[in-house]
$ cat model.txt   # compact mmCIF, C-alpha atoms
# COMPACT_ATOMS: atom_id res chain seq x y z
CA MET N 1 -23.20 -10.56 5.09
CA THR N 2 -19.57 -10.76 4.02
CA LYS N 3 -17.10 -10.13 6.81
CA VAL N 4 -14.33 -7.61 6.08
CA ASP N 5 -10.86 -7.37 7.58
CA VAL N 6 -8.86 -4.26 6.75
CA ILE N 7 -5.11 -4.66 7.25
CA SER N 8 -3.38 -1.31 6.77
CA GLY N 9 0.25 -0.38 7.33
CA PHE N 10 2.85 2.00 5.97
CA LEU N 11 5.09 1.01 3.06
CA GLY N 12 7.07 -2.14 3.82
CA ALA N 13 5.57 -2.75 7.25
CA GLY N 14 4.84 -6.40 6.50
CA LYS N 15 1.15 -6.46 5.51
CA THR N 16 1.55 -9.13 2.84
CA THR N 17 3.57 -11.36 5.18
CA LEU N 18 0.87 -11.07 7.84
CA ILE N 19 -1.89 -11.83 5.33
CA GLN N 20 -0.04 -14.95 4.15
CA LYS N 21 0.21 -16.08 7.79
CA LEU N 22 -3.52 -15.50 8.37
CA ILE N 23 -4.45 -17.32 5.16
CA LYS N 24 -2.39 -20.33 6.20
CA ASP N 25 -3.40 -20.48 9.87
CA VAL N 26 -6.91 -19.00 9.96
CA PHE N 27 -8.65 -18.82 6.58
CA ALA N 28 -7.54 -22.06 4.90
CA GLY N 29 -10.59 -23.71 3.33
CA HIS N 30 -12.72 -20.56 3.56
CA LYS N 31 -13.97 -18.56 0.59
CA VAL N 32 -11.76 -15.50 0.89
CA VAL N 33 -11.13 -12.66 -1.54
CA LEU N 34 -8.17 -10.33 -1.16
CA VAL N 35 -8.64 -6.80 -2.46
CA GLU N 36 -5.40 -4.88 -2.85
CA ASN N 37 -5.26 -1.15 -3.38
CA GLU N 38 -1.79 -0.36 -4.66
CA PHE N 39 -0.17 3.04 -5.09
CA GLY N 40 1.78 2.89 -8.33
CA GLU N 41 1.40 1.39 -11.75
CA ILE N 42 2.58 -2.16 -11.17
CA GLY N 43 1.09 -4.68 -8.73
CA ILE N 44 3.66 -7.23 -7.61
CA ASP N 45 2.35 -8.86 -4.42
CA GLY N 46 -0.68 -10.40 -6.14
CA GLY N 47 1.33 -13.14 -7.80
CA PHE N 48 2.44 -14.56 -4.48
CA LEU N 49 -0.99 -14.59 -2.93
CA LYS N 50 -2.60 -16.24 -5.97
CA GLU N 51 -0.58 -19.32 -5.10
CA ALA N 52 -2.63 -19.60 -1.90
CA GLY N 53 -5.84 -19.91 -3.95
CA ILE N 54 -6.96 -16.35 -3.21
CA VAL N 55 -8.78 -14.34 -5.87
CA ILE N 56 -6.92 -11.12 -6.54
CA ASN N 57 -8.61 -7.90 -7.55
CA GLU N 58 -5.81 -5.37 -7.74
CA VAL N 59 -6.67 -1.72 -8.07
CA ASN N 60 -3.50 -0.10 -9.35
CA GLY N 61 -2.64 3.37 -10.56
CA GLY N 62 -4.59 6.53 -10.05
CA CYS N 63 -4.15 9.14 -7.42
CA ILE N 64 -5.06 7.80 -4.02
CA CYS N 65 -8.30 9.67 -3.40
CA CYS N 66 -9.63 8.95 -6.88
CA THR N 67 -8.82 5.29 -6.58
CA LEU N 68 -10.48 5.08 -3.20
CA GLN N 69 -13.61 6.96 -4.09
CA GLY N 70 -13.99 5.49 -7.54
CA ASP N 71 -12.33 2.25 -8.59
CA PHE N 72 -11.91 0.92 -5.08
CA ARG N 73 -15.54 1.20 -4.11
CA ARG N 74 -16.61 -0.42 -7.40
CA ALA N 75 -14.07 -3.19 -6.86
CA LEU N 76 -15.63 -3.99 -3.48
CA GLU N 77 -19.15 -4.00 -4.91
CA LYS N 78 -18.01 -6.28 -7.74
CA VAL N 79 -16.33 -8.69 -5.34
CA VAL N 80 -19.54 -9.00 -3.29
CA THR N 81 -21.79 -9.61 -6.32
CA ASP N 82 -19.43 -11.77 -8.41
CA TYR N 83 -17.84 -13.95 -5.72
CA ASN N 84 -20.16 -13.74 -2.69
CA PRO N 85 -17.22 -14.59 -0.39
CA GLU N 86 -17.38 -15.44 3.29
CA ARG N 87 -14.69 -12.87 3.93
CA ILE N 88 -12.89 -10.02 2.17
CA ILE N 89 -9.38 -9.06 3.25
CA ILE N 90 -8.54 -5.49 2.22
CA GLU N 91 -4.87 -4.60 1.95
CA PRO N 92 -4.75 -0.83 1.39
CA SER N 93 -1.83 0.96 -0.17
CA GLY N 94 0.97 1.67 2.29
CA VAL N 95 0.30 5.37 1.75
CA GLY N 96 -3.48 5.06 1.98
CA LYS N 97 -5.36 6.36 4.99
CA LEU N 98 -7.21 3.75 7.03
CA SER N 99 -9.96 6.27 7.81
CA ASP N 100 -10.62 6.76 4.08
CA ILE N 101 -10.78 3.00 3.48
CA LEU N 102 -13.29 2.50 6.30
CA ARG N 103 -15.52 5.28 4.95
CA ILE N 104 -15.77 3.41 1.67
CA VAL N 105 -16.36 0.01 3.27
CA LYS N 106 -19.19 1.62 5.20
CA GLN N 107 -20.88 2.69 1.95
CA VAL N 108 -20.95 -0.78 0.36
CA GLU N 109 -24.00 -2.90 1.09
CA GLY N 110 -23.57 -6.45 2.30
CA LEU N 111 -20.34 -5.89 4.22
CA GLU N 112 -19.77 -6.37 7.95
CA LEU N 113 -16.56 -4.92 9.38
CA ASP N 114 -14.86 -7.65 11.42
CA SER N 115 -11.47 -6.05 12.10
CA TYR N 116 -9.41 -3.02 11.12
CA SER N 117 -5.75 -3.07 12.03
CA ALA N 118 -2.50 -1.25 11.34
CA VAL N 119 0.79 -3.07 10.89
CA VAL N 120 3.64 -0.89 12.20
CA ASP N 121 7.33 -1.52 11.56
CA ALA N 122 8.81 -1.35 15.06
CA LYS N 123 12.25 -0.45 13.70
CA ARG N 124 10.95 2.60 11.84
CA CYS N 125 7.98 3.76 13.89
CA LYS N 126 9.71 6.86 15.24
CA ILE N 127 11.16 8.06 11.93
CA TYR N 128 7.91 7.49 9.98
CA HIS N 129 5.93 9.23 12.73
CA LYS N 130 8.28 12.19 12.32
CA ASN N 131 8.41 12.30 8.52
CA PHE N 132 5.07 10.97 7.24
CA LYS N 133 2.53 11.95 9.86
CA GLU N 134 -0.31 12.49 7.38
CA PHE N 135 -0.45 8.81 6.41
CA PHE N 136 1.40 6.92 9.12
CA ASP N 137 -0.36 8.57 12.06
CA ASP N 138 -3.82 8.17 10.51
CA GLN N 139 -3.35 4.41 10.26
CA ILE N 140 -2.40 4.12 13.93
CA ALA N 141 -5.00 6.60 15.20
CA THR N 142 -7.84 4.84 13.35
CA ALA N 143 -6.94 1.18 13.99
CA SER N 144 -8.59 -0.89 16.69
CA CYS N 145 -5.51 -3.15 16.76
CA VAL N 146 -1.88 -2.16 16.11
CA ILE N 147 0.36 -5.06 15.13
CA LEU N 148 4.06 -4.32 15.56
CA SER N 149 6.36 -6.11 13.12
CA ARG N 150 10.09 -6.83 13.55
CA THR N 151 9.95 -6.46 17.35
CA GLN N 152 12.60 -9.19 17.59
CA MET N 153 15.04 -6.73 15.96
CA ILE N 154 14.69 -3.85 18.44
CA THR N 155 15.71 -3.06 22.03
CA GLU N 156 13.28 -2.64 24.90
CA ASP N 157 13.95 1.10 24.87
CA VAL N 158 12.95 1.38 21.21
CA LEU N 159 9.82 -0.68 21.88
CA ALA N 160 8.91 1.59 24.81
CA ALA N 161 9.34 4.66 22.56
CA ASP N 162 7.13 3.05 19.88
CA LEU N 163 4.41 2.30 22.43
CA GLU N 164 4.50 5.89 23.66
CA ILE N 165 3.86 7.15 20.10
CA ILE N 166 1.05 4.62 19.60
CA ARG N 167 -0.59 5.47 22.93
CA GLN N 168 -0.47 9.20 22.16
CA LEU N 169 -2.21 8.61 18.86
CA ASN N 170 -4.60 5.90 19.99
CA PRO N 171 -4.87 5.16 23.72
CA ASP N 172 -7.57 2.51 23.19
CA ALA N 173 -5.94 0.33 20.54
CA ARG N 174 -4.91 -3.22 21.37
CA VAL N 175 -1.18 -3.55 20.58
CA ILE N 176 0.55 -6.79 19.58
CA THR N 177 4.23 -6.65 20.55
CA THR N 178 5.20 -10.35 20.54
CA PRO N 179 7.39 -11.38 17.54
CA TRP N 180 5.27 -12.99 14.84
CA ASP N 181 7.39 -16.14 14.77
CA ASP N 182 6.30 -16.79 18.37
CA LEU N 183 2.59 -16.52 17.52
CA ASP N 184 0.41 -18.50 15.17
CA GLY N 185 -2.01 -16.67 12.92
CA LYS N 186 -4.99 -17.62 15.09
CA ALA N 187 -3.59 -15.79 18.12
CA ILE N 188 -2.94 -12.67 16.04
CA PHE N 189 -6.39 -12.80 14.46
CA GLU N 190 -8.13 -13.27 17.79
CA ALA N 191 -6.50 -10.03 18.98
CA MET N 192 -7.48 -8.24 15.75
CA ALA N 193 -11.12 -9.30 15.75
CA GLY N 194 -11.45 -9.11 19.53
CA SER N 195 -10.48 -5.44 19.54
CA SER N 196 -13.13 -4.41 17.02
CA SER N 197 -16.83 -3.78 17.56
CA GLY N 198 -17.92 -2.28 14.27
CA PHE N 199 -16.89 1.01 12.69
CA PRO N 200 -15.01 3.57 14.78
CA GLU N 201 -16.89 6.61 15.96
CA GLY N 202 -16.66 9.77 13.89
CA LEU N 203 -16.74 8.31 10.38
CA GLU N 204 -20.33 9.49 9.94
CA ASP N 205 -19.30 13.04 10.79
CA ASP N 206 -17.20 13.49 7.65
CA ASP N 207 -19.04 11.31 5.15
CA ASP N 208 -21.63 13.50 3.56
CA ASP N 209 -19.63 16.41 2.18
CA ASP N 210 -16.86 14.21 0.86
CA ASP N 211 -19.17 11.71 -0.78
CA ASP N 212 -20.97 14.44 -2.66
CA ASP N 213 -17.67 15.84 -3.88
CA HIS N 214 -16.15 12.59 -5.00
CA ASP N 215 -19.18 10.87 -6.42
CA ASP N 216 -20.25 13.78 -8.60
CA HIS N 217 -16.88 14.56 -10.19
CA ASP N 218 -18.50 17.76 -11.46
CA HIS N 219 -17.07 20.29 -9.09
CA ASP N 220 -15.12 23.29 -10.17
CA HIS N 221 -11.72 22.32 -8.81
CA ASP N 222 -8.90 23.29 -11.11
CA HIS N 223 -5.53 21.62 -10.97
CA GLU N 224 -3.59 24.88 -11.17
CA GLU N 225 -4.41 25.86 -7.60
CA HIS N 226 -3.37 22.40 -6.47
CA GLU N 227 -0.02 22.78 -8.25
CA HIS N 228 0.47 19.15 -9.12
CA HIS N 229 -1.45 18.27 -12.24
CA HIS N 230 -0.15 14.84 -13.30
CA ASP N 231 0.30 14.87 -17.07
CA HIS N 232 2.89 12.15 -17.34
CA SER N 233 2.75 11.53 -21.10
CA GLU N 234 5.73 13.77 -21.95
CA GLU N 235 7.68 12.73 -18.85
CA GLU N 236 7.13 9.04 -19.59
CA ALA N 237 8.14 9.50 -23.22
CA LYS N 238 11.36 11.16 -22.09
CA ALA N 239 12.01 8.44 -19.46
CA ASN N 240 11.57 5.76 -22.13
CA GLU N 241 13.78 7.41 -24.76
CA GLY N 242 16.44 5.04 -26.01
CA LEU N 243 15.22 2.03 -24.03
CA SER N 244 15.55 -1.28 -25.83
CA GLU N 245 12.54 -3.47 -26.62
CA GLY N 246 11.04 -5.11 -23.54
CA ASN N 247 12.00 -2.35 -21.10
CA HIS N 248 9.48 0.30 -20.07
CA ILE N 249 9.13 2.96 -17.35
CA HIS N 250 5.75 3.91 -15.82
CA LEU N 251 5.40 7.08 -13.79
CA GLY N 252 2.81 6.82 -11.01
CA GLY N 253 0.22 9.44 -10.20
CA GLU N 254 -3.02 9.88 -12.10
CA ASP N 255 -3.95 7.02 -14.38
CA GLU N 256 -5.02 7.18 -18.00
CA HIS N 257 -8.58 8.26 -17.28
CA GLU N 258 -8.36 11.93 -16.57
CA HIS N 259 -10.10 12.77 -13.34
CA GLU N 260 -11.38 16.29 -13.82
CA HIS N 261 -11.06 17.24 -10.21
CA HIS N 262 -8.34 17.92 -7.79
CA HIS N 263 -8.08 17.10 -4.15
CA HIS N 264 -10.15 19.45 -2.10
CA HIS N 265 -11.15 17.89 1.16
CA HIS N 266 -10.45 17.88 4.81
CA HIS N 267 -8.21 14.82 4.81
CA GLY N 268 -5.21 17.02 3.97
CA LEU N 269 -2.48 15.75 1.68
CA ASP N 270 -2.99 12.78 -0.60
CA ALA N 271 -0.26 10.29 -1.39
CA ASP N 272 0.40 11.68 -4.84
CA ASP N 273 1.13 15.10 -3.30
CA VAL N 274 4.06 13.59 -1.44
CA PHE N 275 5.27 10.41 -3.13
CA ASP N 276 6.43 9.43 -6.61
CA SER N 277 5.80 5.86 -7.71
CA ILE N 278 8.00 4.54 -10.52
CA GLY N 279 7.19 1.23 -12.21
CA ILE N 280 9.74 -0.54 -14.40
CA GLU N 281 8.94 -3.41 -16.74
CA THR N 282 12.13 -5.13 -17.84
CA ILE N 283 13.39 -8.27 -19.57
CA ASN N 284 16.82 -7.85 -17.91
CA LYS N 285 18.26 -10.77 -15.99
CA TYR N 286 19.76 -10.06 -12.56
CA THR N 287 21.95 -11.79 -10.03
CA LYS N 288 21.33 -11.51 -6.31
CA GLU N 289 24.52 -9.44 -6.09
CA SER N 290 23.42 -6.98 -8.78
CA ILE N 291 20.10 -6.39 -7.02
CA GLU N 292 21.85 -5.94 -3.66
CA ASN N 293 24.23 -3.45 -5.25
CA ALA N 294 21.38 -1.43 -6.80
CA LEU N 295 19.40 -1.32 -3.57
CA LYS N 296 22.45 -0.24 -1.54
CA GLN N 297 22.77 2.84 -3.75
CA LEU N 298 19.17 4.00 -3.46
CA PRO N 299 19.04 7.49 -1.93
CA ASP N 300 17.47 7.97 1.49
CA THR N 301 14.42 9.61 -0.10
CA ILE N 302 13.28 6.13 -1.21
CA VAL N 303 10.92 4.53 1.32
CA ARG N 304 10.01 1.34 -0.56
CA ALA N 305 11.21 -0.83 -3.42
CA LYS N 306 10.11 -4.27 -4.49
CA GLY N 307 10.29 -6.40 -7.57
CA ILE N 308 10.24 -9.77 -9.25
CA VAL N 309 12.81 -10.21 -12.00
CA PRO N 310 14.37 -13.02 -14.06
CA SER N 311 17.50 -14.50 -12.51
CA ALA N 312 20.70 -14.78 -14.51
CA GLU N 313 21.06 -18.25 -13.01
CA GLY N 314 17.60 -19.41 -14.04
CA GLY N 315 14.28 -18.95 -12.24
CA TRP N 316 13.09 -15.65 -10.79
CA LEU N 317 14.15 -13.44 -7.90
CA PHE N 318 11.82 -11.47 -5.65
CA PHE N 319 13.21 -8.55 -3.68
CA ASP N 320 11.80 -6.40 -0.94
CA TYR N 321 13.43 -3.19 0.33
CA VAL N 322 12.76 -0.69 3.08
CA PRO N 323 15.56 1.60 4.30
CA GLY N 324 18.10 -0.52 6.14
CA ASP N 325 16.53 -3.89 5.26
CA THR N 326 16.74 -5.95 2.09
CA ASP N 327 15.22 -9.37 1.44
CA ILE N 328 15.98 -11.25 -1.79
CA ARG N 329 14.57 -14.72 -2.43
CA GLU N 330 13.35 -17.01 -5.19
CA GLY N 331 9.85 -16.31 -6.49
CA SER N 332 7.31 -17.36 -9.11
CA PRO N 333 7.52 -15.93 -12.64
CA ALA N 334 5.68 -12.72 -13.56
CA TYR N 335 4.59 -11.83 -17.13
CA THR N 336 7.80 -9.78 -17.35
CA GLY N 337 10.31 -8.39 -14.88
CA LEU N 338 8.57 -5.88 -12.58
CA ILE N 339 10.17 -3.30 -10.28
CA THR N 340 8.35 -0.65 -8.23
CA VAL N 341 10.11 2.18 -6.37
CA ILE N 342 8.28 4.67 -4.14
CA GLY N 343 9.77 7.75 -2.55
CA GLU N 344 9.98 11.53 -2.55
CA LYS N 345 11.30 13.22 -5.71
CA VAL N 346 12.45 9.96 -7.27
CA ASP N 347 15.26 10.35 -9.83
CA VAL N 348 14.19 8.18 -12.80
CA GLU N 349 17.57 8.44 -14.55
CA LEU N 350 19.32 7.18 -11.43
CA LEU N 351 16.95 4.19 -11.25
CA LYS N 352 17.60 3.35 -14.90
CA LYS N 353 21.32 3.39 -14.15
CA LEU N 354 21.10 1.36 -10.92
CA PHE N 355 18.86 -1.34 -12.41
CA GLU N 356 20.69 -1.22 -15.76
CA VAL N 357 17.53 -0.56 -17.74
CA ARG N 358 18.66 0.41 -21.22
$ encode --input "model.txt" --output "C-alpha cells"
Amino acid sequence: MTKVDVISGFLGAGKTTLIQKLIKDVFAGHKVVLVENEFGEIGIDGGFLKEAGIVINEVNGGCICCTLQGDFRRALEKVVTDYNPERIIIEPSGVGKLSDILRIVKQVEGLELDSYSAVVDAKRCKIYHKNFKEFFDDQIATASCVILSRTQMITEDVLAADLEIIRQLNPDARVITTPWDDLDGKAIFEAMAGSSSGFPEGLEDDDDDDDDDHDDHDHDHDHEEHEHHHDHSEEEAKANEGLSEGNHIHLGGEDEHEHEHHHHHHHGLDADDVFDSIGIETINKYTKESIENALKQLPDTIVRAKGIVPSAEGGWLFFDYVPGDTDIREGSPAYTGLITVIGEKVDVELLKKLFEVR
C-alpha cells in the first residue's frame, strides 16, 4: 500500500513551503511522488520541487470538479501503477475542497490515507473565513490537523480569534500554532500523522450519487441554467490581440476538452463559479522593482499571484503574492516567463498593463 498525505490550504497559505520542509526533514531518501492539482492554466511550483528529486505530475486547467473527478483520479492511478512509490503527497489547488479530494483518494485502489491537513494563513484566517467560506471553511472542517502559517507575524488576540474560527468549524482537529522556523519538519509531520486515523466519517454518505454523475458524463445538465459556460476561445483571442511574439494570455476555467456537463451536486459552488485564473506566458525581462510595482497596483479582488520570469540583470526571479505580502527571490529557469493571477472578476487588460505584456 502507498501511503498518502493530503496537504490542503487556501491560495497562498504556504503549502509548497511546508512540503519543501517535509521533503528535506522527513522524506529525504524515500520514494515520494508529489501530485499537484492546480487551478489555472500554468503550473509554476513544480519547477522548484523537481530540484528536490520529486516526480511531478501536475494536473492543470479544467474546472475544479471536472479535474477532480476525471484527470485527478486518473493521475493518482497512474502514479501508483507507474511509480509504485512509498508515499504520495497530494497538494490540492488552493480553491479545491479537501472533502472532494479525500473522496477521490478513497476510490483509488492501493492507497492508504496517512494524513490530511489544512494549512491556514494566520494573518488572513478571519477575512478568508468571511469571504470564501465555500472553499476555506471546507478545508478546515475536513482536516484532522490544521497547520497555522505566519503565526510569528500576528498578535495573541488575532491568534485567539483564528482558533475560535477553527474550533467552531472543527472542534476535534489538532492545531499547530508554533512558528514553523521553531519546528523541524519531523515535529510537524508527527502532529499531522498522529491526528489521523483513516478517512473522516461521512465521506461514504455522499459518494454514490456524485460518482455516478461524474463518472458517466452523460447526464442532461445544460450550461445555460448554470450561467457560466466557459467558452474562452473568443475571449482569449481578444486578450492576445496585438501581443508581440513570445507573449501569450491563457484564461482559466474549462480546458480544451469540452466537458458536456455542468456542476450539479451538493458541494455547492465550484472554484470556477467564483474565481478567474489568468495565465501569462512572456519573454519580458523584469527587475525586482518592476515586479514590486506591478504587485502593489493589483486590485483587492486578487487573492493570489505568482510567477517566474527572466531578470533584467541576468538569471530568473520568482515572486509570490497574497494581499499584503510579497516575496521576490531568485529562482530556476522555466521554459518561458510564467505568471499566474487568481481572483474575482480579473481585469485582463489591467494585468497586461501592469506586467507590460505587449
$ closest_residue --input "model.txt" --among "N:Ile328, N:Val95, N:Val341, N:Ile89" --to "Ala13 in chain N" --atoms "only C-alpha atoms"
N:Val95
$ residues_near_point --input "model.txt" --point "(14.9, -3.5, 16.8)" --cutoff "12 Å" --atoms "all atoms listed in the file" --output "ChimeraX atom specification"
/N:121-126,148-162,177,179,324-325
$ write_last_selection --input "model.txt" --atoms "C-alpha atoms" --output "mmCIF file, in the coordinates of the input"
data_model
loop_
_atom_site.group_PDB
_atom_site.id
_atom_site.type_symbol
_atom_site.label_atom_id
_atom_site.label_comp_id
_atom_site.auth_asym_id
_atom_site.auth_seq_id
_atom_site.Cartn_x
_atom_site.Cartn_y
_atom_site.Cartn_z
ATOM 1 C CA ASP N 121 7.330 -1.520 11.560
ATOM 2 C CA ALA N 122 8.810 -1.350 15.060
ATOM 3 C CA LYS N 123 12.250 -0.450 13.700
ATOM 4 C CA ARG N 124 10.950 2.600 11.840
ATOM 5 C CA CYS N 125 7.980 3.760 13.890
ATOM 6 C CA LYS N 126 9.710 6.860 15.240
ATOM 7 C CA LEU N 148 4.060 -4.320 15.560
ATOM 8 C CA SER N 149 6.360 -6.110 13.120
ATOM 9 C CA ARG N 150 10.090 -6.830 13.550
ATOM 10 C CA THR N 151 9.950 -6.460 17.350
ATOM 11 C CA GLN N 152 12.600 -9.190 17.590
ATOM 12 C CA MET N 153 15.040 -6.730 15.960
ATOM 13 C CA ILE N 154 14.690 -3.850 18.440
ATOM 14 C CA THR N 155 15.710 -3.060 22.030
ATOM 15 C CA GLU N 156 13.280 -2.640 24.900
ATOM 16 C CA ASP N 157 13.950 1.100 24.870
ATOM 17 C CA VAL N 158 12.950 1.380 21.210
ATOM 18 C CA LEU N 159 9.820 -0.680 21.880
ATOM 19 C CA ALA N 160 8.910 1.590 24.810
ATOM 20 C CA ALA N 161 9.340 4.660 22.560
ATOM 21 C CA ASP N 162 7.130 3.050 19.880
ATOM 22 C CA THR N 177 4.230 -6.650 20.550
ATOM 23 C CA PRO N 179 7.390 -11.380 17.540
ATOM 24 C CA GLY N 324 18.100 -0.520 6.140
ATOM 25 C CA ASP N 325 16.530 -3.890 5.260
#
$ closest_residue --input "model.txt" --among "N:Glu91, N:Asp25, N:Glu235, N:Glu36" --to "Asp5 in chain N" --atoms "all atoms listed in the file"
N:Glu91
$ closest_residue --input "model.txt" --among "N:Phe199, N:Asn84, N:Thr340, N:Leu18" --to "His30 in chain N" --atoms "all atoms listed in the file"
N:Asn84
$ closest_residue --input "model.txt" --among "N:Ala193, N:Val348, N:Asp276, N:Cys145" --to "Ile249 in chain N" --atoms "all atoms listed in the file"
N:Val348
$ closest_residue --input "model.txt" --among "N:Leu338, N:Leu251, N:Val175, N:Ile166" --to "Val146 in chain N" --atoms "only C-alpha atoms"
N:Val175
$ atom_distance --input "model.txt" --atom1 "CA of Ile176 in chain N" --atom2 "CA of Phe10 in chain N"
16.4 Å
